[in-house]
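Comments concern the structure below.
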Amino acid sequence: MSTPSRDAIVRLSGVQKIYKLGKVEVPALKGIDLEINAGDFAVIAGPSGSGKTTLLNLIGCVDVATTGTVMVDGHDTGTLSESALTRLRLEHLGFIFQSFNLVAVLDAFDNVEFPLLLQGKLNKAERRERVEDIMASVGLTDYMHHRPNELSGGQRQRVAVARALVTKPRIVMADEPTANLDSQTGHQIIDLMKKLNQEEGTTFIFSTHDPKVMSQADRSIELIDGLVASSEVADDGRLDTPQTALV
Amino acid sequence: MITLFRIAIRNLVANTRRSLLLGGAIALVTVLLVVLSSVSNGMQANMLRVGTTLSSGHVNVAGFFKLTSSDASPMVTDYPRILKTLEDAGIKGKNIVVRGRGWGKVISDVATQMGVLVGIDVDKEKAFQDVVQVVSGDLSKMSEPNAVMLFEKQAKRLEVKVGDDVVLTAPTYRGVNNTVDCRVQVIAKDMGMTSGFSMFMNHNVLQKLYQMKPTHTGAIHIFLDDEKQADKVAAQARKALDKAGFTLMDPVPQPFFRKFQSVRREDWTGQRLDVTTWTDELEFMRKILQTFSLLTYVFIGVMLFIIIIGVMNTMMMAIRERTREIGTLRAMGMRRMWVLGMFVIEAGVLSFSSALAGSLLGAGVVSLLNAMEFKVNEAFQLFLMSDTLKLMLDVQTAVVAVAVIGTVTTLASVLPSWRAAKKPPVTAIQHV
Ligand SMILES: Nc1ncnc2c1ncn2[C@@H]1O[C@H](COP(=O)(O)OP(=O)(O)O)[C@@H](O)[C@H]1O
Ligand SMILES: [Mg+2]
């Protein structure tokens, strides 16, 4: 267990999440205490059904805990209204999805620009510059006006990464971002995320099965059956062979 | 916001089949509304033109004369004084014609024909000459004494042709039947209802028939520049005539031939004037038009209802398909209202563009039907007073059609869109 730290950007204490399927109650998270620091490149590992997605949803403010508190960037998400949560997501969080989730009818540029339009802070020229910059850093300058169905899986996920980062969020959530990609492409995406983590200082929290991907993280949380089985910080910024590897 | 429009249009294009189906249905309803309104307008215009030429002015001053309390003649005594009174009151109109009126029958060797008798001075009736389509004979011959004009169907029934003699007979205000020998000078094309029971003749025939003095007539028809002023002018005329000492009948919205019965039963004698408008005299036309409009609206209403269900259903489908997209946008921080707006815009773009297309298409159909000089069947001719269906499209109707249909179908999308907006953002991740 890590000791409480002052620059924790995410702090969970006593978090339970119970899904109700009709009359059946499914406990997905059974009491999580957790801190993630700003600038972390954190991986959530664990077997399928262990609660990774549920945990990311809570941190990502798209769902709320049944009991316990979830603090994100200083806000207790359990006390916020639906519209305050929406605002928090818009201003401070970014999402990368397993199946990319791009808007099919918009081209890469429009997809990446969309969060900026929702924020409504930048003018057209500023948006263009911002989008072009981020597209350059994900290496898609030449694919700006391709629709998602004209892009490969890796390229789509790059667009998704660009979309998540274009608003310069404090935290980017990624639920198994490489699960739909071949391993080489997957590693490229992780490398890209790592690069942006280091350049921009953005906190990344992502889940994965892949031991190689896990080794990139400087913070690792292993979930088993809705509980934190192990949580460690790599001293050298890199974790060695994770104990959790499902080899 | 332009991007929402872009998303809307591209989604509509992406779902070509669905958009075409729904848009086509919306367009079809608009076409029907535009065409049916044009038919209604055309009917109204034609009925008004023909009706007001054949059987009524826009405003009429007529009335009944009762020699005894049990009879009634459709007659106005001393019409020059009435004309003077109207003139003094500043009622001019476009044209004023004076016609004899009666109720009687025409008898040929083989049959009789009952109906309204109208005495005209054909030389002074330019509009009448324009409206009547002569089949045989010569309209100018109507200025000859004892000239009668029959419509085709009447002539056929009576088995007479131009040049044949017929006998006119009618009960007069003296309580006896008078007869006048007449000659058929013109046979005219049938003109709907009116031609079924109206017979036109030289004014002198009615004067003989009813033994009227030269200052007696049947009715004074006032034609206005704008028929919508009829009620106002009628009120004006009523006031002026009342002031001049004429006795007036209470206004009843009925044609004069429907008033015989009640007037005959009323207990008074002498002259009473009846000021009516074209909507009173052409009561049956008003009813036909009202019925037609009602049917049109009911029909369009039912169609719209079906479309509303269709729109809601289609939106539900689209929203179910796009659950993940909605969740993603919500997770990214899109507000509920924006999600609602996104879908309403999509429905709105489809609705208004389809309604607009339908309206233009409807206008095309209207001009095509007009160009084809679409012939209507006989039953319909009766109402239409013409054998061709002339449609009239006014821009206002088309604009209203687009606005109403566009708005209604867009509104139908609000409920499903609201459901979309309420989808929790977590569906972005969970929905497979
Ligand atoms: N919406 C849901 N309703 C009911 N049960 C759910 C729901 N989402 C997840 N679960 C259950 O919660 C547990 C954790 O799921 P999840 O967080 O998706 O795990 P992971 O992402 O690690 O595979 C599983 O047992 C799963 O079946
Ligand atoms: Mg999962």
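Labels for the structure tokens follow display order: chains A, B, ..., residues from 1 in each chain, ligands from 1.
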Kindly provide, as a list of chain:residue names, all nucleotide and amino acid residues lying within 7 Å of ligand 1, counting only C-alpha atoms and all ligand atoms. A:Tyr19, A:Lys20, A:Leu21, A:Val26, A:Pro27, A:Ala28, A:Gly46, A:Pro47, A:Ser48, A:Gly49, A:Ser50, A:Gly51, A:Lys52, A:Thr53, A:Thr54, A:Leu55, B:Gln430
Output as a short mmCIF file (atom, residue, chain, number, x, y, z; two decimals) with all heavy atoms, in the first residue's frame the set of chain B residues within 12 Å of chain A, with distances taken over only C-alpha atoms.
data_model
loop_
_atom_site.label_atom_id
_atom_site.label_comp_id
_atom_site.auth_asym_id
_atom_site.auth_seq_id
_atom_site.Cartn_x
_atom_site.Cartn_y
_atom_site.Cartn_z
N MET B 1 -25.04 24.76 -34.10
CA MET B 1 -23.63 24.39 -34.26
C MET B 1 -23.43 23.52 -35.50
O MET B 1 -24.14 22.53 -35.71
CB MET B 1 -23.23 23.67 -32.98
CG MET B 1 -22.23 22.60 -33.13
SD MET B 1 -21.11 22.75 -31.77
CE MET B 1 -20.52 21.11 -31.66
N ILE B 2 -22.48 23.95 -36.28
CA ILE B 2 -22.34 23.39 -37.62
C ILE B 2 -22.02 21.90 -37.57
O ILE B 2 -22.53 21.12 -38.37
CB ILE B 2 -21.24 24.14 -38.41
CG1 ILE B 2 -21.61 25.63 -38.50
CG2 ILE B 2 -21.05 23.56 -39.79
CD1 ILE B 2 -20.44 26.53 -38.79
N THR B 3 -21.19 21.51 -36.62
CA THR B 3 -20.79 20.11 -36.55
C THR B 3 -21.99 19.20 -36.31
O THR B 3 -22.07 18.10 -36.87
CB THR B 3 -19.72 19.89 -35.47
OG1 THR B 3 -18.64 20.77 -35.75
CG2 THR B 3 -19.21 18.47 -35.47
N LEU B 4 -22.95 19.66 -35.50
CA LEU B 4 -24.15 18.86 -35.26
C LEU B 4 -24.93 18.68 -36.56
O LEU B 4 -25.44 17.60 -36.85
CB LEU B 4 -25.03 19.50 -34.18
CG LEU B 4 -24.52 19.41 -32.75
CD1 LEU B 4 -25.55 19.93 -31.78
CD2 LEU B 4 -24.14 17.97 -32.40
N PHE B 5 -25.00 19.76 -37.33
CA PHE B 5 -25.67 19.66 -38.63
C PHE B 5 -24.93 18.69 -39.54
O PHE B 5 -25.52 17.88 -40.23
CB PHE B 5 -25.74 21.04 -39.31
CG PHE B 5 -26.97 21.81 -38.94
CD1 PHE B 5 -26.91 22.81 -37.98
CD2 PHE B 5 -28.19 21.52 -39.52
CE1 PHE B 5 -28.03 23.51 -37.61
CE2 PHE B 5 -29.33 22.21 -39.16
CZ PHE B 5 -29.26 23.21 -38.21
N ARG B 6 -23.58 18.80 -39.48
CA ARG B 6 -22.79 17.93 -40.32
C ARG B 6 -23.02 16.47 -39.93
O ARG B 6 -23.23 15.61 -40.78
CB ARG B 6 -21.31 18.30 -40.17
CG ARG B 6 -20.47 17.81 -41.32
CD ARG B 6 -19.01 18.18 -41.13
NE ARG B 6 -18.82 19.62 -41.05
CZ ARG B 6 -17.69 20.18 -40.59
NH1 ARG B 6 -16.69 19.42 -40.19
NH2 ARG B 6 -17.57 21.48 -40.54
N ILE B 7 -23.02 16.22 -38.61
CA ILE B 7 -23.27 14.85 -38.15
C ILE B 7 -24.64 14.40 -38.60
O ILE B 7 -24.82 13.28 -39.10
CB ILE B 7 -23.16 14.78 -36.60
CG1 ILE B 7 -21.71 15.00 -36.18
CG2 ILE B 7 -23.65 13.43 -36.09
CD1 ILE B 7 -21.50 14.97 -34.68
N ALA B 8 -25.63 15.31 -38.44
CA ALA B 8 -27.01 14.97 -38.81
C ALA B 8 -27.09 14.59 -40.28
O ALA B 8 -27.59 13.52 -40.64
CB ALA B 8 -27.92 16.15 -38.52
N ILE B 9 -26.58 15.45 -41.14
CA ILE B 9 -26.70 15.22 -42.57
C ILE B 9 -25.96 13.94 -42.96
O ILE B 9 -26.45 13.11 -43.70
CB ILE B 9 -26.19 16.43 -43.37
CG1 ILE B 9 -27.15 17.60 -43.15
CG2 ILE B 9 -26.07 16.11 -44.85
CD1 ILE B 9 -26.63 18.94 -43.60
N ARG B 10 -24.75 13.78 -42.39
CA ARG B 10 -23.98 12.59 -42.76
C ARG B 10 -24.63 11.32 -42.26
O ARG B 10 -24.58 10.29 -42.93
CB ARG B 10 -22.56 12.71 -42.22
CG ARG B 10 -21.83 13.83 -42.94
CD ARG B 10 -20.36 13.71 -42.76
NE ARG B 10 -19.70 14.85 -43.37
CZ ARG B 10 -18.50 15.28 -42.99
NH1 ARG B 10 -17.86 14.66 -42.02
NH2 ARG B 10 -17.95 16.30 -43.59
N ASN B 11 -25.24 11.38 -41.09
CA ASN B 11 -25.94 10.19 -40.62
C ASN B 11 -27.13 9.87 -41.50
O ASN B 11 -27.43 8.70 -41.77
CB ASN B 11 -26.41 10.38 -39.18
CG ASN B 11 -25.36 9.89 -38.19
OD1 ASN B 11 -24.87 8.77 -38.32
ND2 ASN B 11 -25.01 10.72 -37.25
N LEU B 12 -27.82 10.91 -41.95
CA LEU B 12 -28.96 10.70 -42.84
C LEU B 12 -28.50 10.07 -44.13
O LEU B 12 -29.13 9.15 -44.66
CB LEU B 12 -29.67 12.03 -43.12
CG LEU B 12 -30.42 12.63 -41.92
CD1 LEU B 12 -30.88 14.04 -42.23
CD2 LEU B 12 -31.59 11.75 -41.53
N VAL B 13 -27.36 10.57 -44.64
CA VAL B 13 -26.83 10.02 -45.88
C VAL B 13 -26.36 8.59 -45.66
O VAL B 13 -26.58 7.71 -46.50
CB VAL B 13 -25.69 10.91 -46.42
CG1 VAL B 13 -25.01 10.25 -47.61
CG2 VAL B 13 -26.23 12.29 -46.80
N ALA B 14 -25.73 8.36 -44.50
CA ALA B 14 -25.21 7.02 -44.22
C ALA B 14 -26.33 5.99 -44.15
O ALA B 14 -26.16 4.85 -44.56
CB ALA B 14 -24.43 7.04 -42.90
N ASN B 15 -27.50 6.41 -43.63
CA ASN B 15 -28.63 5.49 -43.55
C ASN B 15 -29.61 5.78 -44.70
O ASN B 15 -30.77 6.11 -44.47
CB ASN B 15 -29.35 5.63 -42.22
CG ASN B 15 -28.50 5.12 -41.09
OD1 ASN B 15 -28.22 3.94 -41.00
ND2 ASN B 15 -28.07 6.04 -40.24
N ARG B 322 -27.09 3.60 -32.22
CA ARG B 322 -26.02 4.54 -31.92
C ARG B 322 -25.79 4.71 -30.42
O ARG B 322 -25.18 5.70 -30.00
CB ARG B 322 -26.30 5.87 -32.61
CG ARG B 322 -26.01 5.79 -34.12
CD ARG B 322 -26.69 6.88 -34.90
NE ARG B 322 -26.16 8.19 -34.57
CZ ARG B 322 -26.70 9.32 -35.03
NH1 ARG B 322 -27.75 9.27 -35.82
NH2 ARG B 322 -26.18 10.48 -34.71
N THR B 323 -26.24 3.73 -29.65
CA THR B 323 -26.09 3.81 -28.20
C THR B 323 -24.64 4.06 -27.80
O THR B 323 -24.34 4.92 -26.98
CB THR B 323 -26.57 2.51 -27.54
OG1 THR B 323 -27.96 2.37 -27.81
CG2 THR B 323 -26.36 2.54 -26.04
N ARG B 324 -23.74 3.33 -28.44
CA ARG B 324 -22.34 3.47 -28.07
C ARG B 324 -21.81 4.87 -28.40
O ARG B 324 -21.08 5.47 -27.63
CB ARG B 324 -21.50 2.42 -28.79
CG ARG B 324 -20.08 2.36 -28.23
CD ARG B 324 -19.10 2.03 -29.29
NE ARG B 324 -19.35 0.69 -29.85
CZ ARG B 324 -18.75 -0.40 -29.39
NH1 ARG B 324 -17.90 -0.32 -28.39
NH2 ARG B 324 -19.00 -1.55 -29.95
N GLU B 325 -22.24 5.37 -29.55
CA GLU B 325 -21.81 6.71 -29.95
C GLU B 325 -22.31 7.74 -28.94
O GLU B 325 -21.56 8.63 -28.51
CB GLU B 325 -22.36 7.03 -31.35
CG GLU B 325 -21.98 8.42 -31.83
CD GLU B 325 -22.69 8.82 -33.12
OE1 GLU B 325 -22.89 7.94 -33.97
OE2 GLU B 325 -23.06 10.00 -33.24
N ILE B 326 -23.57 7.58 -28.55
CA ILE B 326 -24.15 8.52 -27.58
C ILE B 326 -23.36 8.45 -26.28
O ILE B 326 -22.95 9.47 -25.72
CB ILE B 326 -25.63 8.20 -27.32
CG1 ILE B 326 -26.45 8.37 -28.59
CG2 ILE B 326 -26.19 9.09 -26.22
CD1 ILE B 326 -27.82 7.72 -28.53
N GLY B 327 -23.11 7.21 -25.81
CA GLY B 327 -22.35 7.04 -24.58
C GLY B 327 -20.98 7.67 -24.68
O GLY B 327 -20.51 8.33 -23.75
N THR B 328 -20.33 7.49 -25.82
CA THR B 328 -18.99 8.04 -26.03
C THR B 328 -19.02 9.57 -25.92
O THR B 328 -18.21 10.17 -25.23
CB THR B 328 -18.46 7.65 -27.42
OG1 THR B 328 -18.51 6.24 -27.54
CG2 THR B 328 -17.04 8.14 -27.61
N LEU B 329 -20.01 10.16 -26.60
CA LEU B 329 -20.10 11.61 -26.58
C LEU B 329 -20.41 12.12 -25.18
O LEU B 329 -19.88 13.14 -24.74
CB LEU B 329 -21.18 12.09 -27.57
CG LEU B 329 -20.87 11.78 -29.04
CD1 LEU B 329 -22.04 12.17 -29.94
CD2 LEU B 329 -19.60 12.50 -29.49
N ARG B 330 -21.27 11.36 -24.49
CA ARG B 330 -21.59 11.75 -23.11
C ARG B 330 -20.35 11.62 -22.23
O ARG B 330 -20.08 12.48 -21.39
CB ARG B 330 -22.72 10.88 -22.56
CG ARG B 330 -24.05 11.08 -23.24
CD ARG B 330 -24.79 12.31 -22.72
NE ARG B 330 -25.24 12.10 -21.36
CZ ARG B 330 -24.93 12.87 -20.33
NH1 ARG B 330 -24.16 13.92 -20.52
NH2 ARG B 330 -25.37 12.63 -19.13
N ALA B 331 -19.58 10.54 -22.41
CA ALA B 331 -18.37 10.34 -21.63
C ALA B 331 -17.38 11.47 -21.90
O ALA B 331 -16.70 11.95 -20.99
CB ALA B 331 -17.73 8.99 -21.96
N MET B 332 -17.34 11.91 -23.15
CA MET B 332 -16.43 12.99 -23.52
C MET B 332 -16.87 14.33 -22.92
O MET B 332 -16.14 15.31 -23.01
CB MET B 332 -16.40 13.15 -25.05
CG MET B 332 -15.39 12.23 -25.72
SD MET B 332 -15.75 12.07 -27.49
CE MET B 332 -15.91 13.77 -27.96
N GLY B 333 -18.07 14.35 -22.38
CA GLY B 333 -18.52 15.59 -21.74
C GLY B 333 -19.59 16.34 -22.50
O GLY B 333 -19.82 17.52 -22.27
N MET B 334 -20.26 15.65 -23.44
CA MET B 334 -21.36 16.31 -24.15
C MET B 334 -22.56 16.36 -23.21
O MET B 334 -22.91 15.36 -22.60
CB MET B 334 -21.70 15.53 -25.41
CG MET B 334 -22.62 16.27 -26.36
SD MET B 334 -23.00 15.21 -27.77
CE MET B 334 -23.23 16.41 -29.05
N ARG B 335 -23.18 17.55 -23.15
CA ARG B 335 -24.32 17.68 -22.25
C ARG B 335 -25.56 17.00 -22.84
O ARG B 335 -25.68 16.84 -24.04
CB ARG B 335 -24.62 19.16 -21.99
CG ARG B 335 -23.45 19.87 -21.33
CD ARG B 335 -23.91 21.00 -20.44
NE ARG B 335 -24.98 21.79 -21.03
CZ ARG B 335 -24.78 22.95 -21.66
NH1 ARG B 335 -23.55 23.43 -21.79
NH2 ARG B 335 -25.79 23.62 -22.15
N ARG B 336 -26.47 16.62 -21.92
CA ARG B 336 -27.69 15.93 -22.37
C ARG B 336 -28.45 16.72 -23.42
O ARG B 336 -28.94 16.19 -24.40
CB ARG B 336 -28.62 15.71 -21.18
CG ARG B 336 -28.19 14.57 -20.32
CD ARG B 336 -29.13 14.44 -19.16
NE ARG B 336 -28.84 13.22 -18.43
CZ ARG B 336 -29.41 12.89 -17.28
NH1 ARG B 336 -30.31 13.68 -16.75
NH2 ARG B 336 -29.09 11.76 -16.70
N MET B 337 -28.54 18.03 -23.17
CA MET B 337 -29.29 18.88 -24.09
C MET B 337 -28.71 18.84 -25.49
O MET B 337 -29.42 18.95 -26.47
CB MET B 337 -29.32 20.32 -23.57
CG MET B 337 -30.44 20.56 -22.59
SD MET B 337 -31.95 19.81 -23.21
CE MET B 337 -33.12 20.30 -22.03
N TRP B 338 -27.40 18.71 -25.54
CA TRP B 338 -26.74 18.67 -26.85
C TRP B 338 -27.05 17.37 -27.56
O TRP B 338 -27.20 17.33 -28.78
CB TRP B 338 -25.24 18.84 -26.68
CG TRP B 338 -24.85 20.26 -26.41
CD1 TRP B 338 -25.23 21.01 -25.33
CD2 TRP B 338 -24.05 21.10 -27.23
NE1 TRP B 338 -24.70 22.26 -25.45
CE2 TRP B 338 -23.97 22.35 -26.58
CE3 TRP B 338 -23.38 20.91 -28.45
CZ2 TRP B 338 -23.25 23.42 -27.12
CZ3 TRP B 338 -22.66 21.96 -28.97
CH2 TRP B 338 -22.60 23.20 -28.32
N VAL B 339 -27.10 16.30 -26.80
CA VAL B 339 -27.45 15.00 -27.40
C VAL B 339 -28.87 15.09 -27.95
O VAL B 339 -29.15 14.72 -29.10
CB VAL B 339 -27.34 13.86 -26.37
CG1 VAL B 339 -27.82 12.55 -26.97
CG2 VAL B 339 -25.90 13.72 -25.88
N LYS B 422 -30.94 10.71 -22.23
CA LYS B 422 -30.91 10.19 -20.87
C LYS B 422 -30.06 8.94 -20.71
O LYS B 422 -29.89 8.44 -19.61
CB LYS B 422 -32.34 9.92 -20.39
CG LYS B 422 -33.01 11.21 -19.95
CD LYS B 422 -34.14 10.99 -18.94
CE LYS B 422 -35.02 9.84 -19.31
NZ LYS B 422 -36.34 9.92 -18.67
N LYS B 423 -29.57 8.43 -21.84
CA LYS B 423 -28.72 7.24 -21.73
C LYS B 423 -27.48 7.57 -20.90
O LYS B 423 -26.82 8.58 -21.13
CB LYS B 423 -28.28 6.77 -23.12
CG LYS B 423 -29.34 5.96 -23.84
CD LYS B 423 -28.75 5.32 -25.08
CE LYS B 423 -29.84 4.78 -25.98
NZ LYS B 423 -30.54 3.64 -25.40
N PRO B 424 -27.15 6.71 -19.95
CA PRO B 424 -25.97 7.01 -19.13
C PRO B 424 -24.69 6.85 -19.94
O PRO B 424 -24.61 6.00 -20.82
CB PRO B 424 -26.05 5.96 -18.02
CG PRO B 424 -26.89 4.86 -18.56
CD PRO B 424 -27.82 5.48 -19.54
N PRO B 425 -23.70 7.68 -19.66
CA PRO B 425 -22.45 7.65 -20.44
C PRO B 425 -21.72 6.32 -20.34
O PRO B 425 -20.96 5.97 -21.23
CB PRO B 425 -21.62 8.78 -19.83
CG PRO B 425 -22.27 9.11 -18.53
CD PRO B 425 -23.70 8.73 -18.65
N VAL B 426 -22.00 5.57 -19.29
CA VAL B 426 -21.29 4.31 -19.10
C VAL B 426 -21.60 3.32 -20.23
O VAL B 426 -20.81 2.42 -20.52
CB VAL B 426 -21.62 3.72 -17.71
CG1 VAL B 426 -23.08 3.38 -17.58
CG2 VAL B 426 -20.76 2.51 -17.41
N THR B 427 -22.71 3.54 -20.95
CA THR B 427 -23.04 2.66 -22.08
C THR B 427 -21.97 2.70 -23.17
O THR B 427 -21.89 1.80 -23.99
CB THR B 427 -24.37 3.05 -22.71
OG1 THR B 427 -24.34 4.43 -23.00
CG2 THR B 427 -25.55 2.73 -21.83
N ALA B 428 -21.16 3.78 -23.18
CA ALA B 428 -20.10 3.89 -24.18
C ALA B 428 -19.17 2.71 -24.07
O ALA B 428 -18.64 2.20 -25.05
CB ALA B 428 -19.33 5.18 -23.98
N ILE B 429 -18.97 2.29 -22.85
CA ILE B 429 -17.98 1.26 -22.60
C ILE B 429 -18.64 -0.13 -22.60
O ILE B 429 -18.12 -1.08 -23.16
CB ILE B 429 -17.26 1.51 -21.26
CG1 ILE B 429 -16.51 2.85 -21.33
CG2 ILE B 429 -16.28 0.41 -20.95
CD1 ILE B 429 -17.12 3.97 -20.56
N GLN B 430 -19.82 -0.19 -22.02
CA GLN B 430 -20.40 -1.50 -21.82
C GLN B 430 -21.14 -2.05 -23.02
O GLN B 430 -21.16 -3.23 -23.25
CB GLN B 430 -21.36 -1.46 -20.62
CG GLN B 430 -20.56 -1.50 -19.33
CD GLN B 430 -21.43 -1.32 -18.13
OE1 GLN B 430 -22.54 -0.84 -18.24
NE2 GLN B 430 -20.91 -1.69 -16.98
N HIS B 431 -21.76 -1.16 -23.76
CA HIS B 431 -22.59 -1.64 -24.86
C HIS B 431 -21.72 -2.29 -25.93
O HIS B 431 -20.71 -1.75 -26.35
CB HIS B 431 -23.35 -0.49 -25.47
CG HIS B 431 -24.33 -0.92 -26.50
ND1 HIS B 431 -25.60 -1.34 -26.16
CD2 HIS B 431 -24.23 -1.04 -27.82
CE1 HIS B 431 -26.23 -1.68 -27.25
NE2 HIS B 431 -25.43 -1.51 -28.27
N VAL B 432 -22.09 -3.48 -26.31
CA VAL B 432 -21.28 -4.19 -27.29
C VAL B 432 -21.91 -4.08 -28.67
O VAL B 432 -23.10 -4.23 -28.79
CB VAL B 432 -21.11 -5.67 -26.92
CG1 VAL B 432 -20.02 -6.30 -27.80
CG2 VAL B 432 -20.72 -5.80 -25.46
#
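By only C-alpha atoms, and with residues fewer than 6 positions from Thr67 of chain A along its chain excluded, the set lying at most 7 Å from it is A:Val15, A:Gln16, A:Lys17.
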For the residues in the current selection, export C-alpha atoms as a PDB file, in the first residue's frame.
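Result saved to selection.pdb:
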ATOM      1  CA  VAL A  15     -15.290   2.010  -2.614  1.00  0.00           C
ATOM      2  CA  GLN A  16     -17.874  -0.638  -3.348  1.00  0.00           C
ATOM      3  CA  LYS A  17     -19.799  -1.005  -6.557  1.00  0.00           C
TER       4      LYS A  17
END
Find the residues near Phe64 of chain B: any atom within 12 Å, counting only C-alpha atoms, skip ones fewer than 3 places away on the same chain, and give them as number ranges by chain. B: 61, 67-69, 71-77, 101-102, 173, 216-219, 247-249, 256-257, 259-264, 266, 268-275
Considering only C-alpha atoms, state which residue in the set B:Leu206, B:Val160, B:Ala27, B:Ile220 is at the smallest distance from Arg99 of chain B. B:Ile220
Would you list, as a PyMOL selection string, the residues of segment 235-338 of chain B that end up in strand (DSSP E or B) under DSSP run on this structure's backbone? chain B and resi 248+270-277
With N, CA and C atoms retained, could you export that selection as a short mmCIF file (atom, residue, chain, number, x, y, z; two decimals), in the first residue's frame?
data_model
loop_
_atom_site.label_atom_id
_atom_site.label_comp_id
_atom_site.auth_asym_id
_atom_site.auth_seq_id
_atom_site.Cartn_x
_atom_site.Cartn_y
_atom_site.Cartn_z
N LEU B 248 -87.10 45.11 -44.17
CA LEU B 248 -86.11 44.07 -44.48
C LEU B 248 -86.44 42.76 -43.77
N GLY B 270 -97.35 42.51 -48.71
CA GLY B 270 -96.58 43.62 -49.25
C GLY B 270 -95.16 43.20 -49.60
N GLN B 271 -94.28 44.17 -49.59
CA GLN B 271 -92.91 43.94 -50.05
C GLN B 271 -91.94 43.87 -48.87
N ARG B 272 -91.12 42.85 -48.89
CA ARG B 272 -90.00 42.84 -47.95
C ARG B 272 -88.72 42.53 -48.71
N LEU B 273 -87.66 43.23 -48.35
CA LEU B 273 -86.39 43.04 -49.05
C LEU B 273 -85.50 42.06 -48.26
N ASP B 274 -84.71 41.34 -49.03
CA ASP B 274 -83.79 40.38 -48.41
C ASP B 274 -82.39 40.64 -48.96
N VAL B 275 -81.49 41.08 -48.09
CA VAL B 275 -80.11 41.32 -48.53
C VAL B 275 -79.29 40.09 -48.20
N THR B 276 -78.69 39.50 -49.21
CA THR B 276 -77.90 38.28 -48.99
C THR B 276 -76.52 38.43 -49.61
N THR B 277 -75.62 37.53 -49.23
CA THR B 277 -74.30 37.50 -49.86
C THR B 277 -74.17 36.20 -50.66
#
I need the helix (DSSP H, G or I) residues of segment 16-224 of chain A per DSSP on the backbone, written as a VMD selection string. chain A and resid 52 to 59 77 to 79 82 to 92 108 to 119 124 to 137 141 to 143 148 to 150 153 to 165 183 to 200 211 to 214
Leaving out Gly201 of chain A and any residue of its chain fewer than 3 positions from it, which residues lie within 7 Å of it when counting only C-alpha atoms, given as a PyMOL selection string? chain A and resi 39+197-198
Near segment 28-42 of chain B, counting only C-alpha atoms, which residues have an atom at most 8 Å away, once you skip same-chain residues fewer than 6 positions from it, shown as an MDAnalysis selection string? chainID B and resid 289 292:293 296 300 303:304 355 358:363 365:366 389:394 397:398 401:402 405
